[in-house]
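Heads up, the thing below is written out as C-alpha cells.
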2 protein chains.
Amino acid sequence: MTAGQDDIDALIEMMAKLPGLGPRSARRAALHLIKKRGVLLVPLAEAMTRVGATARECLNCGNISTGDICDICESNKRANGQICVVEDVADLWAMERSGVFKGRYHVLGGTLSALDGMGPDELRIPQLKDRIGAEDVSEVILALGATIDGQTTAHYIADHLPGITVTTLAQGVPVGGELDYLDDGTITAALNARKAL
Amino acid sequence: MTAGQDDIDALIEMMAKLPGLGPRSARRAALHLIKKRGVLLVPLAEAMTRVGATARECLNCGNISTGDICDICESNKRANGQICVVEDVADLWAMERSGVFKGRYHVLGGTLSALDGMGPDELRIPQLKDRIGAEDVSEVILALGATIDGQTTAHYIADHLPGITVTTLAQGVPVGGELDYLDDGTITAALNARKAL
Ligand SMILES: [Zn+2]
Ligand SMILES: [Zn+2]
C-alpha cells in the first residue's frame with residue numbers, strides 16, 4: 001500500500017477514537033468525507049487546523065478560548081456579580097444555549113471523586129476562591145449534575161466559600177441526570193427556581 | 001464572539017454532517033478533539049489535509065486512490081482474471097478485510113434504481129464492459145447486496161456480459177442485508193460458495 005492508503009487508514013483510526021464513533025462508523029464517516037472532499041473534508045481539515053492552532057483553556061475560568069482570556073471573561077457585560085460553576089465546557093455550552101444566564105462561568109474540569117483521585121486542587125477550586133474577591137462576586141450558582149459526585153462537589157464548594165451566597169440549580173434537573181442532556185426550557189426552569197444551599 | 005469561536009462552531013456544524021454523529025455527539029466529539037489537541041486534533045487535521053489533497057477515484061475501477069490508478073489496479077499480482085463488482089468502496093474495504101479475494105475490483109457507485117434515476121451509465125457499467133477485454137478477464141464476481149436493487153443490478157450486468165462467466169456471492173449473504181455489515185467469515189463463505197448466474 002502507498003503512503004496515501006496509510007493516510008486513509010490513519011484517518012479512519014483517529015476518527016474511531018471520537019466519542020460516538022466505532023470502527024465501522026468511522027469507516028463510513030471517512031468515506032463520506034472523501035466523497036464530499038471539496039465541500040466537507042477540506043473545510044473540516046481547515047477548521048480543525050485553525051482550532052488546533054488557537055484553542056486553549058481560558059486562564060481565568062477554564063472555558064475553551066482562542067486567547068489567554070475567553071470572550072465571556074473579557075466582556076464587561078458579563079460582570080454582573082454572578083459566577084455559574086459547571087463541571088465541563090459542554091455544560092457551559094448547554095447553559096449558553098438556554099440564553100438565560102447573563103453572568104460568567106467557572107469550569108471545574110470534573111467533580112470531586114475519591115475513586116478517580118480528583119481532589120479540590122485538580123478541579124480549579126482554588127482559582128474559584130481567588131475570583132470571588134477579584135471580580136466582586138455576589139453569588140455563586142452551582143450548575144452541577146444531580147449525581148452523587150456532583151452534589152458532593154456542590155456541598156464542598158458551598159462549605160469553602162464563607163460569606164458569599166451560594167445557590168444551586170434545583171427544579172428540573174432529573175436525579176442522576178447530566179446537564180448537557182437537558183433541553184433549554186428545563187435549564188431555564190432550573191435556574192429560575194434555584195435555591196440557597 | 002471572536003473568529004475563534006466561529007471556527008469552533010463551524011467545526012461542530014461540519015462534524016454534525018458526518019454519518020453517525022448528530023448535533024450533540026458532534027459537540028462532544030469536538031470538545032474531545034480540543035482536549036486532546038496535540039495527540040488527536042492536530043494529527044487528524046493533518047491526515048484530513050493530506051487525504052483531501054491526494055484522494056480521488058481510480059480511473060479504472062472507482063476505488064479511492066491517491067493517484068489516477070489505485071494500488072490494486074496497478075498491482076500485477078491482482079491481475080488473476082477475476083473482477084469483483086461491488087456497489088461501494090465500503091464494500092471493497094469489507095472484501096479486502098476478509099482477505100479471501102485475490103483479483104481486482106470494479107466499484108459501481110450504487111445500484112440500478114428507477115426510483116433514484118440510477119441507470120447503467122450512472123453506475124460505471126460501461127467501464128466494466130471496457131475492462132473485460134482490456135484486462136483479459138475470465139470471471140466477473142458480483143458481490144452486490146441481497147436487496148431488490150442489488151439483485152436487479154446483478155441480473156442486468158449478467159445479461160450484458162455475454163461470453164463471460166458471471167458468478168455471484170450466494171451462501172451467507174442475509175436477505176435484505178448489506179455487504180459492509182457482514183463479518184469476514186460470512187464473506188469468505190459467500191465467496192467460496194459462489195454460483196454461476
Ligand atoms: Zn473565561
Ligand atoms: Zn483501481
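Ordered as shown in the C-alpha cells, chains take letters A, B, and onward, while each chain numbers its residues from 1 and ligands are numbered from 1 in the order shown.
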* Asked: What residues in chain A lie within 7 Å of chain B, counting only C-alpha atoms, written as a PyMOL selection string?
  -> chain A and resi 1+4+7-8+10-11+14+18-21+25+28-29+34+37+40-42+44-45+47-49+51-52+55+66+71
Neighbours of ligand 2 within 7 Å, counting only C-alpha atoms and all ligand atoms, as a short mmCIF file (atom, residue, chain, number, x, y, z; two decimals) with N, CA and C atoms, in the first residue's frame?
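Dumped everything to selection.cif:
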data_model
loop_
_atom_site.label_atom_id
_atom_site.label_comp_id
_atom_site.auth_asym_id
_atom_site.auth_seq_id
_atom_site.Cartn_x
_atom_site.Cartn_y
_atom_site.Cartn_z
N CYS B 58 -10.12 6.06 -8.53
CA CYS B 58 -9.32 5.35 -9.52
C CYS B 58 -10.05 5.41 -10.87
N LEU B 59 -9.35 5.84 -11.91
CA LEU B 59 -9.99 5.98 -13.22
C LEU B 59 -10.39 4.63 -13.80
N ASN B 60 -9.76 3.56 -13.33
CA ASN B 60 -10.05 2.24 -13.86
C ASN B 60 -11.22 1.56 -13.13
N CYS B 61 -11.21 1.58 -11.79
CA CYS B 61 -12.16 0.76 -11.04
C CYS B 61 -13.08 1.55 -10.12
N GLY B 62 -12.79 2.83 -9.85
CA GLY B 62 -13.65 3.61 -8.96
C GLY B 62 -13.28 3.52 -7.50
N ASN B 63 -12.26 2.71 -7.16
CA ASN B 63 -11.76 2.65 -5.79
C ASN B 63 -11.19 4.02 -5.40
N ILE B 69 -4.55 5.82 -10.90
CA ILE B 69 -4.86 4.39 -10.84
C ILE B 69 -4.54 3.88 -9.44
N CYS B 70 -5.46 3.08 -8.86
CA CYS B 70 -5.29 2.65 -7.47
C CYS B 70 -4.25 1.52 -7.36
N ASP B 71 -3.83 1.27 -6.13
CA ASP B 71 -2.81 0.25 -5.88
C ASP B 71 -3.23 -1.12 -6.41
N ILE B 72 -4.50 -1.46 -6.23
CA ILE B 72 -4.96 -2.80 -6.63
C ILE B 72 -4.92 -2.93 -8.15
N CYS B 73 -5.37 -1.90 -8.85
CA CYS B 73 -5.33 -1.95 -10.32
C CYS B 73 -3.89 -1.92 -10.83
N TYR B 105 -11.11 -5.20 -8.50
CA TYR B 105 -12.48 -4.78 -8.21
C TYR B 105 -13.02 -3.88 -9.30
#
* Could you tell me, as a list in words, which residues of chain B DSSP assigns to strand (DSSP E or B) when given the backbone? => Arg56, Glu57, Ile64, Ser65, Gln82, Ile83, Cys84, Val85, Val86, Arg104, Tyr105, His106, Val107, Ser113, Met118, Glu139, Val140, Ile141, Leu142, Thr165, Val166, Thr167, Thr168, Lys195 and Ala196 of chain B
Those of chain A in DSSP alpha helix (DSSP H), formatted as an mmCIF file with N, CA and C atoms, in the first residue's frame:
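Once written, result-v8.cif looks like this:
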data_model
loop_
_atom_site.group_PDB
_atom_site.id
_atom_site.type_symbol
_atom_site.label_atom_id
_atom_site.label_comp_id
_atom_site.auth_asym_id
_atom_site.auth_seq_id
_atom_site.Cartn_x
_atom_site.Cartn_y
_atom_site.Cartn_z
ATOM 1 N N ALA A 3 1.718 5.448 0.644
ATOM 2 C CA ALA A 3 1.540 6.365 1.775
ATOM 3 C C ALA A 3 0.114 6.892 1.812
ATOM 4 N N GLY A 4 -0.513 7.040 0.661
ATOM 5 C CA GLY A 4 -1.872 7.553 0.612
ATOM 6 C C GLY A 4 -2.870 6.663 1.338
ATOM 7 N N GLN A 5 -2.758 5.345 1.093
ATOM 8 C CA GLN A 5 -3.658 4.429 1.797
ATOM 9 C C GLN A 5 -3.375 4.458 3.293
ATOM 10 N N ASP A 6 -2.104 4.602 3.658
ATOM 11 C CA ASP A 6 -1.754 4.745 5.073
ATOM 12 C C ASP A 6 -2.457 5.954 5.674
ATOM 13 N N ASP A 7 -2.504 7.060 4.930
ATOM 14 C CA ASP A 7 -3.175 8.260 5.423
ATOM 15 C C ASP A 7 -4.662 7.997 5.637
ATOM 16 N N ILE A 8 -5.274 7.288 4.696
ATOM 17 C CA ILE A 8 -6.701 6.982 4.837
ATOM 18 C C ILE A 8 -6.915 6.077 6.047
ATOM 19 N N ASP A 9 -6.036 5.082 6.217
ATOM 20 C CA ASP A 9 -6.151 4.192 7.373
ATOM 21 C C ASP A 9 -5.956 4.971 8.674
ATOM 22 N N ALA A 10 -4.986 5.893 8.682
ATOM 23 C CA ALA A 10 -4.739 6.702 9.883
ATOM 24 C C ALA A 10 -5.943 7.587 10.181
ATOM 25 N N LEU A 11 -6.531 8.131 9.127
ATOM 26 C CA LEU A 11 -7.732 8.959 9.275
ATOM 27 C C LEU A 11 -8.854 8.161 9.938
ATOM 28 N N ILE A 12 -9.091 6.945 9.429
ATOM 29 C CA ILE A 12 -10.149 6.096 9.988
ATOM 30 C C ILE A 12 -9.836 5.745 11.443
ATOM 31 N N GLU A 13 -8.575 5.409 11.706
ATOM 32 C CA GLU A 13 -8.189 5.009 13.060
ATOM 33 C C GLU A 13 -8.413 6.147 14.055
ATOM 34 N N MET A 14 -8.057 7.363 13.650
ATOM 35 C CA MET A 14 -8.230 8.507 14.557
ATOM 36 C C MET A 14 -9.706 8.845 14.732
ATOM 37 N N MET A 15 -10.470 8.734 13.641
ATOM 38 C CA MET A 15 -11.899 9.042 13.764
ATOM 39 C C MET A 15 -12.601 8.033 14.661
ATOM 40 N N PRO A 23 -15.329 1.612 14.945
ATOM 41 C CA PRO A 23 -14.546 1.358 13.720
ATOM 42 C C PRO A 23 -15.394 1.423 12.456
ATOM 43 N N ARG A 24 -16.580 0.807 12.485
ATOM 44 C CA ARG A 24 -17.390 0.761 11.272
ATOM 45 C C ARG A 24 -17.939 2.144 10.918
ATOM 46 N N SER A 25 -18.450 2.865 11.911
ATOM 47 C CA SER A 25 -18.984 4.197 11.612
ATOM 48 C C SER A 25 -17.854 5.152 11.255
ATOM 49 N N ALA A 26 -16.651 4.915 11.774
ATOM 50 C CA ALA A 26 -15.506 5.742 11.378
ATOM 51 C C ALA A 26 -15.175 5.516 9.903
ATOM 52 N N ARG A 27 -15.257 4.263 9.441
ATOM 53 C CA ARG A 27 -15.012 3.988 8.013
ATOM 54 C C ARG A 27 -16.048 4.691 7.152
ATOM 55 N N ARG A 28 -17.330 4.581 7.567
ATOM 56 C CA ARG A 28 -18.415 5.238 6.827
ATOM 57 C C ARG A 28 -18.207 6.751 6.789
ATOM 58 N N ALA A 29 -17.823 7.307 7.941
ATOM 59 C CA ALA A 29 -17.626 8.754 8.013
ATOM 60 C C ALA A 29 -16.450 9.183 7.135
ATOM 61 N N ALA A 30 -15.373 8.385 7.147
ATOM 62 C CA ALA A 30 -14.202 8.729 6.329
ATOM 63 C C ALA A 30 -14.551 8.682 4.844
ATOM 64 N N LEU A 31 -15.282 7.651 4.438
ATOM 65 C CA LEU A 31 -15.717 7.552 3.037
ATOM 66 C C LEU A 31 -16.583 8.739 2.655
ATOM 67 N N HIS A 32 -17.505 9.095 3.561
ATOM 68 C CA HIS A 32 -18.376 10.237 3.319
ATOM 69 C C HIS A 32 -17.535 11.497 3.130
ATOM 70 N N LEU A 33 -16.535 11.681 3.987
ATOM 71 C CA LEU A 33 -15.640 12.836 3.887
ATOM 72 C C LEU A 33 -14.925 12.857 2.544
ATOM 73 N N ILE A 34 -14.412 11.691 2.124
ATOM 74 C CA ILE A 34 -13.642 11.644 0.873
ATOM 75 C C ILE A 34 -14.555 11.928 -0.322
ATOM 76 N N LYS A 35 -15.788 11.394 -0.251
ATOM 77 C CA LYS A 35 -16.724 11.660 -1.354
ATOM 78 C C LYS A 35 -17.089 13.143 -1.409
ATOM 79 N N VAL A 42 -12.123 19.100 3.060
ATOM 80 C CA VAL A 42 -11.133 20.181 3.059
ATOM 81 C C VAL A 42 -11.527 21.291 4.041
ATOM 82 N N PRO A 43 -12.803 21.762 4.034
ATOM 83 C CA PRO A 43 -13.172 22.778 5.034
ATOM 84 C C PRO A 43 -13.031 22.271 6.475
ATOM 85 N N LEU A 44 -13.372 21.008 6.704
ATOM 86 C CA LEU A 44 -13.255 20.460 8.052
ATOM 87 C C LEU A 44 -11.793 20.407 8.482
ATOM 88 N N ALA A 45 -10.921 19.979 7.562
ATOM 89 C CA ALA A 45 -9.487 19.947 7.873
ATOM 90 C C ALA A 45 -8.984 21.350 8.201
ATOM 91 N N GLU A 46 -9.469 22.343 7.455
ATOM 92 C CA GLU A 46 -9.046 23.727 7.705
ATOM 93 C C GLU A 46 -9.555 24.228 9.057
ATOM 94 N N ALA A 47 -10.823 23.924 9.373
ATOM 95 C CA ALA A 47 -11.367 24.339 10.669
ATOM 96 C C ALA A 47 -10.595 23.677 11.800
ATOM 97 N N MET A 48 -10.281 22.382 11.639
ATOM 98 C CA MET A 48 -9.516 21.676 12.677
ATOM 99 C C MET A 48 -8.128 22.269 12.839
ATOM 100 N N THR A 49 -7.511 22.602 11.723
ATOM 101 C CA THR A 49 -6.171 23.195 11.787
ATOM 102 C C THR A 49 -6.215 24.521 12.530
ATOM 103 N N ARG A 50 -7.211 25.366 12.196
ATOM 104 C CA ARG A 50 -7.325 26.662 12.871
ATOM 105 C C ARG A 50 -7.601 26.487 14.364
ATOM 106 N N VAL A 51 -8.581 25.593 14.681
ATOM 107 C CA VAL A 51 -8.907 25.382 16.096
ATOM 108 C C VAL A 51 -7.700 24.793 16.828
ATOM 109 N N GLY A 52 -7.014 23.860 16.179
ATOM 110 C CA GLY A 52 -5.835 23.255 16.806
ATOM 111 C C GLY A 52 -4.750 24.272 17.089
ATOM 112 N N ALA A 53 -4.660 25.290 16.232
ATOM 113 C CA ALA A 53 -3.603 26.289 16.402
ATOM 114 C C ALA A 53 -3.954 27.318 17.466
ATOM 115 N N THR A 54 -5.252 27.518 17.716
ATOM 116 C CA THR A 54 -5.636 28.644 18.573
ATOM 117 C C THR A 54 -6.335 28.233 19.872
ATOM 118 N N ASP A 71 -13.885 35.041 25.691
ATOM 119 C CA ASP A 71 -14.773 36.159 25.373
ATOM 120 C C ASP A 71 -15.675 36.526 26.547
ATOM 121 N N ILE A 72 -16.184 35.513 27.253
ATOM 122 C CA ILE A 72 -17.129 35.776 28.338
ATOM 123 C C ILE A 72 -16.422 36.490 29.490
ATOM 124 N N CYS A 73 -15.223 36.041 29.824
ATOM 125 C CA CYS A 73 -14.460 36.698 30.897
ATOM 126 C C CYS A 73 -14.040 38.113 30.489
ATOM 127 N N GLU A 74 -13.815 38.316 29.202
ATOM 128 C CA GLU A 74 -13.365 39.629 28.735
ATOM 129 C C GLU A 74 -14.498 40.638 28.636
ATOM 130 N N VAL A 89 -16.919 22.099 29.867
ATOM 131 C CA VAL A 89 -17.247 23.092 28.842
ATOM 132 C C VAL A 89 -18.557 22.731 28.138
ATOM 133 N N ALA A 90 -18.840 21.445 27.988
ATOM 134 C CA ALA A 90 -20.107 21.042 27.353
ATOM 135 C C ALA A 90 -21.294 21.577 28.152
ATOM 136 N N ASP A 91 -21.156 21.626 29.478
ATOM 137 C CA ASP A 91 -22.227 22.164 30.321
ATOM 138 C C ASP A 91 -22.329 23.679 30.169
ATOM 139 N N LEU A 92 -21.174 24.337 30.037
ATOM 140 C CA LEU A 92 -21.176 25.784 29.760
ATOM 141 C C LEU A 92 -21.919 26.061 28.448
ATOM 142 N N TRP A 93 -21.629 25.263 27.427
ATOM 143 C CA TRP A 93 -22.315 25.445 26.140
ATOM 144 C C TRP A 93 -23.815 25.240 26.299
ATOM 145 N N ALA A 94 -24.207 24.247 27.102
ATOM 146 C CA ALA A 94 -25.635 23.990 27.321
ATOM 147 C C ALA A 94 -26.291 25.182 28.008
ATOM 148 N N MET A 95 -25.604 25.763 29.005
ATOM 149 C CA MET A 95 -26.132 26.957 29.675
ATOM 150 C C MET A 95 -26.265 28.108 28.682
ATOM 151 N N GLU A 96 -25.245 28.313 27.856
ATOM 152 C CA GLU A 96 -25.271 29.416 26.892
ATOM 153 C C GLU A 96 -26.396 29.224 25.870
ATOM 154 N N ARG A 97 -26.655 27.968 25.470
ATOM 155 C CA ARG A 97 -27.751 27.738 24.518
ATOM 156 C C ARG A 97 -29.089 28.147 25.122
ATOM 157 N N SER A 98 -29.248 27.941 26.437
ATOM 158 C CA SER A 98 -30.518 28.325 27.071
ATOM 159 C C SER A 98 -30.667 29.842 27.072
ATOM 160 N N ILE A 125 -10.771 24.608 41.918
ATOM 161 C CA ILE A 125 -11.493 25.213 43.037
ATOM 162 C C ILE A 125 -10.678 26.346 43.684
ATOM 163 N N PRO A 126 -9.349 26.203 43.842
ATOM 164 C CA PRO A 126 -8.574 27.344 44.361
ATOM 165 C C PRO A 126 -8.757 28.599 43.506
ATOM 166 N N GLN A 127 -8.771 28.419 42.174
ATOM 167 C CA GLN A 127 -8.935 29.564 41.280
ATOM 168 C C GLN A 127 -10.319 30.214 41.472
ATOM 169 N N LEU A 128 -11.325 29.384 41.790
ATOM 170 C CA LEU A 128 -12.663 29.942 42.047
ATOM 171 C C LEU A 128 -12.619 30.858 43.264
ATOM 172 N N LYS A 129 -11.958 30.397 44.328
ATOM 173 C CA LYS A 129 -11.832 31.234 45.542
ATOM 174 C C LYS A 129 -11.140 32.551 45.209
ATOM 175 N N ASP A 130 -10.095 32.494 44.399
ATOM 176 C CA ASP A 130 -9.356 33.707 44.032
ATOM 177 C C ASP A 130 -10.255 34.707 43.301
ATOM 178 N N ARG A 131 -11.190 34.170 42.504
ATOM 179 C CA ARG A 131 -12.020 35.061 41.688
ATOM 180 C C ARG A 131 -13.057 35.809 42.520
ATOM 181 N N ILE A 132 -13.477 35.218 43.654
ATOM 182 C CA ILE A 132 -14.563 35.800 44.449
ATOM 183 C C ILE A 132 -14.276 37.267 44.779
ATOM 184 N N GLY A 133 -13.077 37.520 45.308
ATOM 185 C CA GLY A 133 -12.737 38.896 45.644
ATOM 186 C C GLY A 133 -12.344 39.711 44.425
ATOM 187 N N ALA A 134 -11.587 39.093 43.547
ATOM 188 C CA ALA A 134 -11.023 39.827 42.410
ATOM 189 C C ALA A 134 -12.101 40.362 41.484
ATOM 190 N N ILE A 148 -24.150 11.806 42.612
ATOM 191 C CA ILE A 148 -23.563 11.828 43.960
ATOM 192 C C ILE A 148 -22.295 12.680 43.956
ATOM 193 N N ASP A 149 -21.428 12.462 42.970
ATOM 194 C CA ASP A 149 -20.189 13.248 42.893
ATOM 195 C C ASP A 149 -20.485 14.726 42.671
ATOM 196 N N GLY A 150 -21.476 15.016 41.839
ATOM 197 C CA GLY A 150 -21.840 16.410 41.585
ATOM 198 C C GLY A 150 -22.315 17.098 42.850
ATOM 199 N N GLN A 151 -23.158 16.406 43.617
ATOM 200 C CA GLN A 151 -23.694 17.005 44.842
ATOM 201 C C GLN A 151 -22.630 17.091 45.937
ATOM 202 N N THR A 152 -21.745 16.099 46.005
ATOM 203 C CA THR A 152 -20.610 16.169 46.940
ATOM 204 C C THR A 152 -19.774 17.405 46.647
ATOM 205 N N THR A 153 -19.512 17.620 45.375
ATOM 206 C CA THR A 153 -18.720 18.773 44.945
ATOM 207 C C THR A 153 -19.431 20.075 45.298
ATOM 208 N N ALA A 154 -20.763 20.110 45.064
ATOM 209 C CA ALA A 154 -21.538 21.313 45.380
ATOM 210 C C ALA A 154 -21.423 21.657 46.865
ATOM 211 N N HIS A 155 -21.572 20.658 47.726
ATOM 212 C CA HIS A 155 -21.504 20.924 49.161
ATOM 213 C C HIS A 155 -20.095 21.318 49.583
ATOM 214 N N TYR A 156 -19.089 20.713 48.980
ATOM 215 C CA TYR A 156 -17.710 21.088 49.301
ATOM 216 C C TYR A 156 -17.472 22.558 48.963
ATOM 217 N N ILE A 157 -17.918 22.971 47.800
ATOM 218 C CA ILE A 157 -17.701 24.370 47.376
ATOM 219 C C ILE A 157 -18.461 25.320 48.296
ATOM 220 N N ALA A 158 -19.721 24.971 48.609
ATOM 221 C CA ALA A 158 -20.529 25.829 49.494
ATOM 222 C C ALA A 158 -19.851 25.980 50.854
ATOM 223 N N ASP A 159 -19.291 24.885 51.371
ATOM 224 C CA ASP A 159 -18.621 24.927 52.684
ATOM 225 C C ASP A 159 -17.350 25.772 52.648
ATOM 226 N N ASP A 184 -33.359 23.336 26.710
ATOM 227 C CA ASP A 184 -33.213 24.725 27.151
ATOM 228 C C ASP A 184 -34.262 25.105 28.196
ATOM 229 N N GLY A 185 -35.499 24.664 27.980
ATOM 230 C CA GLY A 185 -36.582 25.022 28.906
ATOM 231 C C GLY A 185 -36.337 24.481 30.301
ATOM 232 N N THR A 186 -35.841 23.272 30.383
ATOM 233 C CA THR A 186 -35.558 22.676 31.687
ATOM 234 C C THR A 186 -34.448 23.437 32.389
ATOM 235 N N ILE A 187 -33.425 23.823 31.634
ATOM 236 C CA ILE A 187 -32.326 24.600 32.229
ATOM 237 C C ILE A 187 -32.836 25.945 32.726
ATOM 238 N N THR A 188 -33.682 26.581 31.929
ATOM 239 C CA THR A 188 -34.250 27.866 32.332
ATOM 240 C C THR A 188 -35.046 27.728 33.623
ATOM 241 N N ALA A 189 -35.905 26.709 33.680
ATOM 242 C CA ALA A 189 -36.726 26.489 34.880
ATOM 243 C C ALA A 189 -35.843 26.216 36.093
ATOM 244 N N ALA A 190 -34.804 25.408 35.882
ATOM 245 C CA ALA A 190 -33.924 25.060 36.997
ATOM 246 C C ALA A 190 -33.174 26.280 37.517
ATOM 247 N N LEU A 191 -32.774 27.151 36.591
ATOM 248 C CA LEU A 191 -32.046 28.356 37.014
ATOM 249 C C LEU A 191 -32.962 29.315 37.749
ATOM 250 N N ASN A 192 -34.178 29.493 37.219
ATOM 251 C CA ASN A 192 -35.106 30.438 37.837
ATOM 252 C C ASN A 192 -35.539 29.963 39.230
#
* Show which residues sit within 12 Å of Glu122 (chain A), as a VMD selection string. Count only C-alpha atoms, and ignore same-chain residues fewer than 5 positions away. => chain A and resid 87 107 to 114 116 to 117 127
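Between CA of Arg124 (chain A) and CA of Gly99 (chain A) lies a distance of 24.6 Å.
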* Asked: What is the distance between CA of Gly145 (chain A) and CA of Thr167 (chain A), in Å to one decimal?
  -> 13.7 Å
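Picture a line from CA of Asp136 (chain A) to CA of Glu178 (chain A); it runs 29.6 Å.
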